[in-house]
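A.B. asks: There's a structure below that I have some questions on.
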Amino acid sequence: MECIQKVLAIEASYDDLSRIQQCLGAEGQVHAAATLDEGLRWLQAEQAFSIVLDVEGSQLPLEVIHQLQAAAPAARVILLSRLADERLWIEALEAGAYDLLRQPLGGMEAAGVVRSALLPGAAAVAA
């Protein structure tokens, strides 16, 4: 039986959703939530997501990461940001995120992070 990897992308652009689906290939499904609240409702209803991608919004990354982890403890949280810098990357990892990716997504980095996050027993990048 084939194992489908499910990714929930919160507030992601159409281009980012397409790139994430390309990273996953036929073995993955990308589900999109328009807002953080909608994403949290999805997670509370169905916790079978392998990865949760959240676009950095108005809330502090620490708060968002903690909310997502509380709703889906087994999922790996990857934060997406147009303003990604070293300070935000460290803050996201310290808050428990798996990684931080700069938007727009593209290239080998995003594919590598998504694929490595799907590996069994994958630990956070900072671990």
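Letters A, B, ... mark the chains of the structure tokens in the order given; residue numbers begin at 1 per chain; ligand numbers begin at 1, in order shown.
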Pull the closest atom pair for each residue of region 7-47 of chain A that gets at most 12 Å from region 75-88 of chain A, along with the distance in Å to one decimal, counting only C-alpha atoms, ordering rows by chain and then ascending residue number, as CSV.
C.D. replies:
```
residue,atom,partner,partner_atom,distance
A:Val7,CA,A:Ala75,CA,9.0
A:Leu8,CA,A:Ala75,CA,9.6
A:Ala9,CA,A:Ile78,CA,9.4
A:Ile10,CA,A:Leu80,CA,9.5
A:Glu11,CA,A:Leu80,CA,9.6
A:Ala12,CA,A:Leu80,CA,8.3
A:Ser13,CA,A:Leu80,CA,10.6
A:Asp16,CA,A:Leu80,CA,9.6
A:Leu17,CA,A:Leu80,CA,11.7
A:Ile20,CA,A:Leu80,CA,11.8
A:Leu43,CA,A:Ala75,CA,9.5
A:Glu46,CA,A:Ala75,CA,11.4
A:Gln47,CA,A:Ala75,CA,7.9
```
A.B. asks: Print the selection's residues with C-alpha atoms to a file, as a compact mmCIF listing (two decimals), in the first residue's frame.
C.D. replies:
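Writing done, so here's out17.txt:
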```
# COMPACT_ATOMS: atom_id res chain seq x y z
CA VAL A 7 1.32 18.73 3.67
CA LEU A 8 -0.80 21.61 4.96
CA ALA A 9 0.28 24.98 3.55
CA ILE A 10 -1.09 28.01 5.37
CA GLU A 11 -1.32 31.34 3.55
CA ALA A 12 0.98 30.09 0.78
CA SER A 13 0.92 31.56 -2.71
CA ASP A 16 4.61 28.10 -3.61
CA LEU A 17 1.84 25.47 -3.55
CA ILE A 20 5.67 22.13 -2.88
CA LEU A 43 -5.15 20.37 12.13
CA GLU A 46 -7.30 15.82 11.05
CA GLN A 47 -3.80 15.43 12.46
```
A.B. asks: Determine, using only C-alpha atoms, which residues of region 9-36 of chain A have any atom at most 9 Å from an atom of region 105-121 of chain A, and tabulate each with its shortest atom pair and distance in Å to one decimal place, rows ordered by chain and then rising number, as a tab-separated table.
C.D. replies:
```
residue	atom	partner	partner_atom	distance
A:Asp15	CA	A:Leu105	CA	8.0
A:Asp16	CA	A:Leu105	CA	5.7
A:Arg19	CA	A:Leu105	CA	6.8
A:Ile20	CA	A:Ala111	CA	7.5
A:Gln22	CA	A:Ala111	CA	8.3
A:Cys23	CA	A:Ala111	CA	5.1
A:Leu24	CA	A:Arg115	CA	7.3
```
A.B. asks: Could you write out, as a VMD selection string, all the residues of chain A that DSSP marks as strand (DSSP E)?
C.D. replies: chain A and resid 5 to 10 28 to 33 51 to 55 76 to 81 99 to 102
A.B. asks: Next, write the just-selected residues to a file, as an mmCIF file, in the first residue's frame, keeping C-alpha atoms as the atom set.
C.D. replies:
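Writing done, so here's again-v3.cif:
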```cif
data_model
loop_
_atom_site.group_PDB
_atom_site.id
_atom_site.type_symbol
_atom_site.label_atom_id
_atom_site.label_comp_id
_atom_site.auth_asym_id
_atom_site.auth_seq_id
_atom_site.Cartn_x
_atom_site.Cartn_y
_atom_site.Cartn_z
ATOM 1 C CA GLN A 5 2.475 12.284 2.556
ATOM 2 C CA LYS A 6 0.143 15.155 3.385
ATOM 3 C CA VAL A 7 1.318 18.731 3.667
ATOM 4 C CA LEU A 8 -0.798 21.611 4.955
ATOM 5 C CA ALA A 9 0.276 24.980 3.555
ATOM 6 C CA ILE A 10 -1.092 28.005 5.372
ATOM 7 C CA GLY A 28 2.217 13.706 -1.752
ATOM 8 C CA GLN A 29 -0.847 15.858 -1.339
ATOM 9 C CA VAL A 30 -0.775 19.579 -0.631
ATOM 10 C CA HIS A 31 -3.761 21.064 1.170
ATOM 11 C CA ALA A 32 -4.116 24.841 1.359
ATOM 12 C CA ALA A 33 -5.556 26.916 4.180
ATOM 13 C CA ILE A 51 4.473 18.871 7.369
ATOM 14 C CA VAL A 52 2.807 22.181 8.105
ATOM 15 C CA LEU A 53 4.113 25.143 6.115
ATOM 16 C CA ASP A 54 3.142 28.558 7.408
ATOM 17 C CA VAL A 55 3.837 31.888 5.783
ATOM 18 C CA ARG A 76 7.094 19.185 11.268
ATOM 19 C CA VAL A 77 6.580 22.941 11.029
ATOM 20 C CA ILE A 78 8.429 24.826 8.305
ATOM 21 C CA LEU A 79 8.102 28.597 8.335
ATOM 22 C CA LEU A 80 8.113 30.482 5.025
ATOM 23 C CA SER A 81 9.205 34.115 4.912
ATOM 24 C CA ASP A 99 13.325 24.909 9.307
ATOM 25 C CA LEU A 100 12.778 28.335 7.743
ATOM 26 C CA LEU A 101 12.645 28.818 3.966
ATOM 27 C CA ARG A 102 12.850 32.062 2.030
#
```
A.B. asks: Could you check which of A:Leu62, A:Ala26, A:Ala45, A:Ala34 is closest to Gly96 (chain A), using only C-alpha atoms?
C.D. replies: A:Leu62
A.B. asks: Give me, please, the distance in Å between CA of Leu68 (chain A) and CA of Leu40 (chain A), quoted to one decimal.
C.D. replies: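 A separation of 6.7 Å between them.
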A.B. asks: Between A:Pro73, A:Ile90, A:Gln67, A:Pro104, which one has atoms that come closest to Asp37 (chain A), using only C-alpha atoms?
C.D. replies: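 When distances to Asp37 (chain A) are compared using only C-alpha atoms, the smallest one comes from A:Gln67.
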A.B. asks: Which residue out of A:Glu91, A:Glu56, A:Arg41, A:Tyr98 has the minimum interatomic distance to Ala71 (chain A) when only C-alpha atoms are used?
C.D. replies: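 Selected residue with least distance to Ala71 (chain A): A:Arg41.
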A.B. asks: Report, in Å with one decimal, the straight-line distance from CA of Gly25 (chain A) to CA of Ile65 (chain A).
C.D. replies: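 Interatomic distance here is 26.0 Å.
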A.B. asks: Hey, can you check how far CA of Leu60 (chain A) sits from CA of Ala48 (chain A)?
C.D. replies: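 Result for CA of Leu60 (chain A) versus CA of Ala48 (chain A): 25.2 Å, one decimal.
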A.B. asks: Residues of region 63-112 of chain A in helix (DSSP H, G or I) according to DSSP, as a list in words?
C.D. replies: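 Across region 63-112 of chain A, those assigned helix (DSSP H, G or I) are Glu63, Val64, Ile65, His66, Gln67, Leu68, Gln69, Ala70, Ala71, Glu86, Arg87, Leu88, Trp89, Ile90, Glu91, Ala92, Leu93, Glu94, Gly107, Met108, Glu109, Ala110, Ala111 and Gly112 of chain A.
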